[in-house]
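What follows is the content of query24.txt (compact mmCIF, C-alpha atoms).
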# COMPACT_ATOMS: atom_id res chain seq x y z
CA MET A 107 -2.72 -14.97 -18.00
CA LYS A 108 -3.12 -13.18 -14.64
CA GLN A 109 -1.12 -10.19 -15.86
CA GLN A 110 -3.31 -9.94 -18.96
CA GLN A 111 -6.51 -10.17 -16.90
CA LEU A 112 -5.31 -7.43 -14.57
CA LYS A 113 -4.34 -5.23 -17.50
CA GLU A 114 -7.79 -5.63 -19.04
CA THR A 115 -9.44 -4.71 -15.73
CA ILE A 116 -7.26 -1.62 -15.29
CA ASP A 117 -7.70 -0.52 -18.91
CA PHE A 118 -11.49 -0.86 -18.57
CA LEU A 119 -11.54 1.30 -15.43
CA LYS A 120 -9.27 3.92 -16.97
CA GLY A 121 -11.67 4.00 -19.89
CA LYS A 122 -14.46 4.72 -17.42
CA GLY A 123 -12.61 7.85 -16.30
CA ILE A 124 -10.77 6.66 -13.20
CA GLU A 125 -7.58 8.70 -13.28
CA ASN A 126 -4.76 8.99 -10.75
CA PRO A 127 -6.51 8.00 -7.52
CA GLU A 128 -4.30 8.81 -4.54
CA ILE A 129 -5.78 6.66 -1.77
CA GLY A 130 -7.39 3.22 -1.88
CA ILE A 131 -9.93 2.31 0.80
CA VAL A 132 -11.44 -1.10 1.59
CA LEU A 133 -14.69 -1.04 3.59
CA GLY A 134 -15.39 -3.96 5.89
CA THR A 135 -18.57 -5.70 7.04
CA GLY A 136 -21.23 -3.20 8.10
CA LEU A 137 -18.90 -0.29 7.38
CA GLY A 138 -20.24 1.15 4.13
CA LYS A 139 -21.40 4.62 5.18
CA LEU A 140 -18.09 6.28 4.40
CA ILE A 141 -19.33 6.49 0.81
CA ASP A 142 -21.97 9.00 1.96
CA GLU A 143 -19.10 11.41 2.70
CA ILE A 144 -17.57 11.11 -0.78
CA SER A 145 -18.17 13.49 -3.65
CA ILE A 146 -18.69 10.66 -6.15
CA ASP A 147 -17.46 10.94 -9.74
CA LYS A 148 -17.89 7.29 -10.77
CA GLU A 149 -19.69 4.34 -9.22
CA ILE A 150 -19.10 1.03 -10.98
CA PRO A 151 -20.71 -2.25 -9.84
CA TYR A 152 -18.26 -5.14 -9.63
CA LEU A 153 -20.57 -7.02 -12.01
CA GLU A 154 -19.57 -4.65 -14.81
CA ILE A 155 -15.80 -4.86 -14.27
CA PRO A 156 -13.99 -7.49 -16.39
CA HIS A 157 -12.43 -10.31 -14.33
CA PHE A 158 -13.51 -8.73 -11.03
CA PRO A 159 -14.89 -11.15 -8.41
CA GLN A 160 -18.45 -10.56 -7.17
CA ALA A 161 -19.21 -9.84 -3.51
CA THR A 162 -21.58 -12.50 -2.18
CA VAL A 163 -21.95 -11.43 1.47
CA GLU A 164 -25.19 -9.58 2.11
CA PHE A 165 -23.45 -6.85 4.13
CA HIS A 166 -21.13 -6.02 1.21
CA SER A 167 -22.63 -3.98 -1.61
CA GLY A 168 -20.11 -4.77 -4.35
CA LYS A 169 -19.13 -1.59 -6.14
CA LEU A 170 -16.04 0.47 -6.86
CA ILE A 171 -16.42 4.14 -6.04
CA TYR A 172 -14.18 6.93 -7.34
CA GLY A 173 -14.39 10.49 -6.09
CA GLN A 174 -13.14 13.18 -3.72
CA LEU A 175 -12.84 12.90 0.05
CA SER A 176 -11.01 15.35 2.28
CA GLY A 177 -9.47 16.96 -0.79
CA LYS A 178 -8.00 13.69 -2.08
CA LYS A 179 -8.92 11.46 -5.02
CA VAL A 180 -10.05 8.18 -3.49
CA LEU A 181 -10.90 4.77 -4.90
CA VAL A 182 -13.13 2.80 -2.55
CA MET A 183 -14.01 -0.88 -2.55
CA SER A 184 -17.50 -0.96 -1.06
CA GLY A 185 -17.63 -4.70 -0.60
CA ARG A 186 -14.64 -6.99 -0.17
CA PHE A 187 -13.94 -10.64 -0.92
CA HIS A 188 -13.22 -13.43 1.56
CA LEU A 189 -11.70 -16.88 1.26
CA TYR A 190 -14.77 -18.29 3.00
CA GLU A 191 -16.92 -17.26 0.03
CA GLY A 192 -15.06 -19.82 -2.06
CA TYR A 193 -12.65 -17.40 -3.71
CA ASN A 194 -8.97 -18.18 -3.96
CA ALA A 195 -6.29 -15.87 -2.57
CA TRP A 196 -5.70 -14.24 -5.98
CA GLU A 197 -9.38 -13.30 -6.26
CA VAL A 198 -9.58 -12.06 -2.66
CA THR A 199 -6.76 -9.59 -3.33
CA TYR A 200 -7.65 -8.71 -6.92
CA GLY A 201 -9.07 -5.35 -5.89
CA ILE A 202 -5.83 -4.34 -4.19
CA ARG A 203 -3.80 -5.14 -7.31
CA THR A 204 -6.35 -3.26 -9.41
CA MET A 205 -6.24 -0.13 -7.23
CA HIS A 206 -2.44 -0.22 -7.20
CA GLY A 207 -2.39 -0.54 -10.99
CA LEU A 208 -4.61 2.53 -11.20
CA GLY A 209 -2.08 4.51 -9.18
CA ILE A 210 -3.00 4.61 -5.48
CA LYS A 211 -0.11 5.58 -3.19
CA ASN A 212 -1.61 4.57 0.18
CA LEU A 213 -4.16 1.99 1.32
CA LEU A 214 -6.61 2.23 4.23
CA ILE A 215 -8.48 -0.91 5.31
CA SER A 216 -11.36 -1.44 7.71
CA ASN A 217 -12.85 -4.61 9.11
CA ALA A 218 -15.20 -5.91 11.77
CA ALA A 219 -13.48 -8.16 14.30
CA GLY A 220 -14.00 -9.92 17.60
CA ALA A 221 -12.14 -8.73 20.69
CA ILE A 222 -9.81 -11.39 22.07
CA ASN A 223 -8.16 -8.95 24.47
CA LEU A 224 -10.78 -8.75 27.21
CA ASN A 225 -9.77 -5.17 28.04
CA TYR A 226 -11.24 -4.19 24.67
CA LYS A 227 -15.02 -3.78 24.43
CA LYS A 228 -17.78 -3.92 21.82
CA GLY A 229 -17.83 -0.75 19.76
CA ASP A 230 -14.16 0.08 20.36
CA LEU A 231 -11.69 0.61 17.53
CA MET A 232 -8.31 -1.09 17.19
CA LEU A 233 -5.43 -0.04 14.98
CA LEU A 234 -3.56 -3.04 13.61
CA GLU A 235 0.12 -3.06 14.54
CA ASP A 236 0.82 -6.65 13.49
CA HIS A 237 -1.01 -9.80 12.48
CA ILE A 238 -0.99 -13.59 12.54
CA ASN A 239 -2.09 -15.37 9.37
CA LEU A 240 -4.13 -18.44 10.37
CA GLN A 241 -5.94 -18.79 7.05
CA GLY A 242 -3.67 -21.55 5.79
CA SER A 243 -2.77 -19.80 2.55
CA SER A 244 -0.85 -16.91 1.01
CA PRO A 245 -1.89 -14.59 -1.84
CA LEU A 246 1.71 -14.77 -3.08
CA ALA A 247 1.78 -18.56 -3.43
CA PHE A 248 0.89 -19.10 -7.08
CA LYS A 249 2.79 -19.78 -10.28
CA GLY A 250 4.05 -16.52 -11.75
CA ALA A 251 3.55 -14.47 -8.58
CA ASN A 252 7.08 -13.10 -8.95
CA ASN A 253 5.87 -11.21 -12.05
CA PHE A 254 4.10 -8.84 -9.65
CA GLY A 255 7.01 -8.25 -7.26
CA ASN A 256 9.11 -10.04 -4.68
CA ILE A 257 7.23 -13.10 -3.44
CA PHE A 258 9.43 -13.17 -0.34
CA ALA A 259 7.79 -10.00 0.93
CA ASP A 260 9.33 -8.77 4.16
CA MET A 261 6.65 -8.75 6.86
CA LEU A 262 8.76 -7.09 9.57
CA ALA A 263 6.41 -4.10 9.42
CA PRO A 264 3.25 -5.02 7.49
CA TYR A 265 1.52 -1.83 8.61
CA SER A 266 3.03 1.57 7.84
CA SER A 267 4.49 3.10 11.00
CA GLU A 268 4.13 6.52 9.38
CA LEU A 269 0.43 6.07 8.64
CA ASN A 270 -0.19 4.51 12.04
CA ALA A 271 1.49 7.44 13.82
CA LYS A 272 -0.77 9.90 11.96
CA ILE A 273 -3.89 7.89 12.85
CA ILE A 274 -2.89 7.67 16.53
CA GLU A 275 -2.34 11.42 16.64
CA ILE A 276 -5.70 12.11 14.99
CA ALA A 277 -7.50 9.76 17.40
CA SER A 278 -5.98 11.71 20.29
CA GLN A 279 -7.00 15.05 18.78
CA GLN A 280 -10.55 13.81 18.14
CA ASN A 281 -10.83 12.18 21.58
CA ILE A 282 -11.49 8.77 20.01
CA LEU A 283 -10.45 5.70 21.99
CA LEU A 284 -8.14 3.76 19.68
CA HIS A 285 -6.57 0.54 20.90
CA LYS A 286 -3.50 -0.91 19.22
CA GLY A 287 -2.95 -4.59 18.76
CA VAL A 288 -2.39 -7.84 16.89
CA TYR A 289 -5.07 -9.13 14.54
CA ALA A 290 -5.44 -12.85 13.81
CA SER A 291 -7.00 -13.74 10.47
CA VAL A 292 -8.84 -17.06 10.31
CA LEU A 293 -10.61 -18.77 7.41
CA GLY A 294 -14.18 -18.81 8.73
CA PRO A 295 -17.02 -18.48 8.01
CA GLN A 296 -17.99 -20.24 11.24
CA LEU A 297 -17.00 -18.37 14.36
CA GLU A 298 -14.52 -19.78 16.84
CA THR A 299 -14.97 -22.38 19.55
CA ARG A 300 -14.09 -21.65 23.16
CA ALA A 301 -10.94 -23.72 22.71
CA GLU A 302 -9.98 -21.66 19.66
CA TYR A 303 -10.51 -18.42 21.57
CA ARG A 304 -8.26 -19.76 24.33
CA MET A 305 -5.63 -20.57 21.70
CA LEU A 306 -5.84 -17.03 20.33
CA GLN A 307 -5.37 -15.65 23.85
CA ILE A 308 -2.28 -17.83 24.29
CA LEU A 309 -0.96 -16.47 20.97
CA GLU A 310 -1.38 -12.96 22.43
CA THR A 311 -3.72 -11.76 19.73
CA ASP A 312 -6.02 -8.84 20.48
CA ALA A 313 -8.68 -9.33 17.79
CA VAL A 314 -9.80 -11.97 15.33
CA GLY A 315 -11.42 -11.68 11.91
CA MET A 316 -11.69 -13.30 8.48
CA SER A 317 -10.16 -10.72 6.16
CA THR A 318 -7.48 -8.01 5.79
CA VAL A 319 -4.33 -10.12 6.08
CA PRO A 320 -4.28 -11.29 2.41
CA GLU A 321 -4.80 -7.68 1.31
CA VAL A 322 -1.95 -6.47 3.51
CA ILE A 323 0.42 -9.18 2.26
CA VAL A 324 -0.26 -8.11 -1.34
CA ALA A 325 0.24 -4.46 -0.38
CA LYS A 326 3.66 -5.40 0.98
CA GLN A 327 4.58 -7.18 -2.25
CA LEU A 328 3.59 -4.01 -4.12
CA ASN A 329 5.43 -1.70 -1.68
CA LEU A 330 2.11 -0.01 -0.99
CA PRO A 331 1.94 1.61 2.49
CA CYS A 332 -1.18 0.56 4.35
CA ALA A 333 -2.99 0.94 7.64
CA ALA A 334 -5.96 -1.01 8.98
CA ILE A 335 -8.58 -0.39 11.67
CA SER A 336 -10.84 -3.01 13.24
CA VAL A 337 -14.24 -2.16 14.62
CA LEU A 338 -14.64 -4.58 17.53
CA THR A 339 -18.15 -5.96 17.30
CA ASP A 340 -18.16 -8.69 19.93
CA GLU A 341 -16.22 -9.83 23.00
CA CYS A 342 -14.72 -13.29 22.69
CA ASP A 343 -14.40 -14.45 26.29
CA PRO A 344 -14.09 -18.26 26.26
CA LYS A 345 -15.19 -18.38 29.93
CA ASN A 346 -18.37 -16.44 29.22
CA LEU A 347 -19.25 -17.14 25.60
CA GLN A 348 -22.72 -16.22 24.36
CA PRO A 349 -24.51 -17.39 21.19
CA VAL A 350 -23.59 -15.30 18.18
CA ASN A 351 -26.05 -12.64 17.06
CA ILE A 352 -25.01 -11.50 13.58
CA ALA A 353 -27.64 -8.74 13.55
CA GLU A 354 -26.18 -7.34 16.78
CA ILE A 355 -22.65 -7.51 15.32
CA ILE A 356 -23.76 -5.50 12.28
CA ALA A 357 -25.60 -3.01 14.52
CA ILE A 358 -22.52 -2.47 16.70
CA ALA A 359 -20.39 -1.96 13.59
CA GLY A 360 -22.86 0.68 12.47
CA GLU A 361 -22.78 2.46 15.84
CA ALA A 362 -18.98 2.56 15.89
CA GLU A 363 -18.68 3.48 12.22
CA PRO A 364 -18.79 7.30 12.66
CA LYS A 365 -15.57 7.14 14.70
CA MET A 366 -13.83 5.16 11.96
CA ILE A 367 -15.11 7.57 9.31
CA THR A 368 -13.70 10.50 11.27
CA LEU A 369 -10.30 8.81 11.53
CA PHE A 370 -10.19 8.01 7.80
CA LYS A 371 -11.36 11.47 6.74
CA GLU A 372 -8.85 13.28 8.95
CA THR A 373 -6.03 10.91 7.96
CA LEU A 374 -6.64 11.67 4.29
CA LYS A 375 -5.97 15.35 5.00
CA VAL A 376 -2.42 14.66 6.20
CA ILE A 377 -1.17 12.01 3.77

Translate the structure of the given file into structure tokens.
Amino acid sequence: MKQQQLKETIDFLKGKGIENPEIGIVLGTGLGKLIDEISIDKEIPYLEIPHFPQATVEFHSGKLIYGQLSGKKVLVMSGRFHLYEGYNAWEVTYGIRTMHGLGIKNLLISNAAGAINLNYKKGDLMLLEDHINLQGSSPLAFKGANNFGNIFADMLAPYSSELNAKIIEIASQQNILLHKGVYASVLGPQLETRAEYRMLQILETDAVGMSTVPEVIVAKQLNLPCAAISVLTDECDPKNLQPVNIAEIIAIAGEAEPKMITLFKETLKVI
């Protein structure tokens, strides 16, 4: 059933003219302006794609974009899916399986996250080196998952050391401050309590968010090299916690976004 659904989705998109994309990109909350840099060939709303979930978060536009960026054919998910929207883990990662089925060879992911490491500040970027899955589920835990690859995916190196090395080098060349760290993925959608932030500090995480990890796990099952960058939109100090201002979080993501766009654009040139 799932294989047939995926085939129908991929066949539909091929019929729309999406051919041999090289790089898949997932744009996180408040991080949609990369599409302004793309020479767009096709723009397909998720609503029109068979079996595709629909983005319900107001900061996610919900369309698949195919075009040229930095001399590469890219396929961009402008709008991602979260478990907290009521989707299951298969639906949350459906876009990754779709892009892989269409031929992408590398995956770049962005997200907005809170800084647990108090040396990291609002507006900074963090390259994910590892993660902790605190969402209570796995996108590989369903009947028939082995039809898509090894369900016992090796998570020794979930993020491509080769891609990460290129991104670190580019950040240095572009004089962009790029932290490296461990990302904890929680279910959400509520933000964390002070006690939960203290727990995350004890676990030696550097940032916390509500996405990315399911997508990365699926990428590992598919042997798809990936890299992920967090835009740090708030500072999660349990000793000095302030009320959450979602508008401010989105604004900070927008201010930091040009740095992320530069990193993605320059990375595309060397992969």

*Might you pull out every residue within 12 Å of Tyr190 in chain A, with only C-alpha atoms counted and same-chain residues fewer than 2 positions away left off, and present them as a PyMOL selection string?*
chain A and resi 161-163+186-188+192-195+197-198+241-242+291-297+315-317

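Checking A:Ser278, A:Ala221, A:Gly123, A:Ala325 one by one against Asn256 in chain A, counting all atoms listed in the file, you find the shortest gap at A:Ala325.
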
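Of the listed residues (A:Ile282, A:Leu224, A:Leu309, A:Ala263), A:Leu224 comes nearest to Glu341 in chain A; the distances count only C-alpha atoms.
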
*Could you tell me how far CA of Lys122 in chain A lies from CA of Thr204 in chain A, in Å and to one decimal?*
13.9 Å

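Residues of protein, DNA or RNA having at least one counted atom within 9 Å of (-7.2, -9.0, -7.9), given only C-alpha atoms, are Lys108, Leu112, His157, Phe158, Pro159, Ala195, Trp196, Glu197, Val198, Thr199, Tyr200, Gly201, Ile202, Arg203, Thr204 and Met205 of chain A.
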